[in-house]
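The structure under discussion appears below in the form of structure tokens.
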Amino acid sequence: MELNYKFNSDGLIPAILQDSKTGRVLMMAWMNAESLEKTFSSGLMHYWSRSRKKLWLKGETSGNTQKVIKSFIDCDADTLLFEIEQTGGACHTGYESCFFQPLNRDGSPGEIVEKPVFDANKVYNK
């Protein structure tokens with residue numbers, strides 16, 4: 001069966017990354033056709049950086065790589081889900097997940113109780 005990936009007008013498709021062991025959603029990133037090809041051929045997650053306008057391998061700077069365990073496409077073929085094995089934290093801020101900021105019922109920021117798993121300032125020389 002041939003899949004017809006539905007990329008948006010910028011040639012991108014959203015990818016949701018989930019920890020294969022815990023089920024926790026770690027991050028969301030954008031992929032283009034080239035990053036998909038590199039991900040499937042290497043078994044490591046590659047993305048398209050909209051801000052830098054370039055392809056990137058997750059972990060190329062931090063060492064926090066993502067190994068593909070399983071991959072899925074949704075029923076509309078416009079969103080991808082990858083179950084991955086995460087090395088280190090997924091978030092560039094140092095947290096395990098990009099979804100570390102809780103929200104209160106009124107939408108205001110709640111208390112962050114999670115601790116970073118790495119020092120982003122040291123890793124990215126900020």
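Residue numbering restarts at 1 in every chain; chains get A, B, ... in the order shown in the structure tokens, and ligands count up from 1 in that same order.
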
Inset, instruction - Give the strand (DSSP E) residues of range 4-126 of chain A, as assigned by DSSP on the backbone, as a PyMOL selection string. - result: chain A and resi 13-19+25-31+46-49+54-57+66-73+80-86

Inset, instruction - Looking only at helix (DSSP H, G or I) from DSSP on the backbone, list the matching residues of range 21-118 of chain A as a ChimeraX atom specification. - result: /A:33-42

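Among A:Lys70, A:His92, A:Lys53, A:Lys38, the residue with the shortest atom-to-atom distance to Leu17 in chain A, counting only C-alpha atoms, is A:Lys70.
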
Inset, instruction - Write out as a PyMOL selection string each polymer residue whose atoms come within 12 Å of Ile84 in chain A, counting only C-alpha atoms; drop sequence neighbours fewer than 5 positions from it. - result: chain A and resi 15-27+39+43-45+58+64-72+90

Inset, instruction - Quick one: everything within 8 Å of range 122-125 of chain A, counting only C-alpha atoms, minus sequence neighbours fewer than 2 positions away in the same chain. Send it as an MDAnalysis selection string. - result: chainID A and resid 61:62 118:120

Output N, CA, C and O atoms for every residue in the selection just made, as a tab-separated table (two decimals), in the first residue's frame.
```tsv
chain	number	residue	atom	x	y	z
A	61	THR	N	23.71	18.21	18.39
A	61	THR	CA	24.46	19.11	19.27
A	61	THR	C	24.49	18.59	20.69
A	61	THR	O	25.53	18.57	21.34
A	62	SER	N	23.34	18.15	21.18
A	62	SER	CA	23.19	17.77	22.60
A	62	SER	C	23.58	16.33	22.90
A	62	SER	O	23.86	15.99	24.04
A	118	PHE	N	19.07	17.80	31.99
A	118	PHE	CA	20.39	18.27	31.62
A	118	PHE	C	20.40	19.79	31.65
A	118	PHE	O	19.36	20.43	31.63
A	119	ASP	N	21.62	20.35	31.73
A	119	ASP	CA	21.79	21.81	31.79
A	119	ASP	C	21.90	22.34	30.35
A	119	ASP	O	22.94	22.20	29.71
A	120	ALA	N	20.84	22.95	29.88
A	120	ALA	CA	20.79	23.45	28.50
A	120	ALA	C	21.85	24.51	28.24
A	120	ALA	O	22.40	24.59	27.14
```

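Interatomic distance, CA of Glu83 in chain A to CA of Pro116 in chain A: 21.5 Å.
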
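Nearest to Glu34 in chain A of all the residues A:Arg52, A:Arg105, A:Leu12, A:Ala77 is A:Leu12, counting only C-alpha atoms.
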
Legend entry - Long-range neighbours of range 99-103 of chain A as a PyMOL selection string, 6 Å cut-off, only C-alpha atoms, 6 positions minimum in chain: chain A and resi 109-110+112

What does the file look like for those residues with all heavy atoms, as a short mmCIF file (atom, residue, chain, number, x, y, z; two decimals), in the first residue's frame?
```cif
data_model
loop_
_atom_site.label_atom_id
_atom_site.label_comp_id
_atom_site.auth_asym_id
_atom_site.auth_seq_id
_atom_site.Cartn_x
_atom_site.Cartn_y
_atom_site.Cartn_z
N PRO A 109 -0.10 29.87 33.97
CA PRO A 109 0.93 28.87 34.24
C PRO A 109 0.88 28.35 35.67
O PRO A 109 0.74 29.13 36.61
CB PRO A 109 2.25 29.62 33.98
CG PRO A 109 1.91 31.05 33.82
CD PRO A 109 0.43 31.18 33.65
N GLY A 110 0.98 27.04 35.79
CA GLY A 110 1.04 26.40 37.11
C GLY A 110 2.48 26.23 37.53
O GLY A 110 3.41 26.58 36.81
N ILE A 112 5.89 24.55 38.04
CA ILE A 112 6.69 23.50 37.41
C ILE A 112 7.31 22.68 38.52
O ILE A 112 8.10 23.19 39.32
CB ILE A 112 7.77 24.09 36.49
CG1 ILE A 112 7.14 24.90 35.37
CG2 ILE A 112 8.65 22.97 35.92
CD1 ILE A 112 8.13 25.69 34.52
#
```

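Relative to CA of Leu55 in chain A, CA of Lys115 in chain A is found at 29.3 Å.
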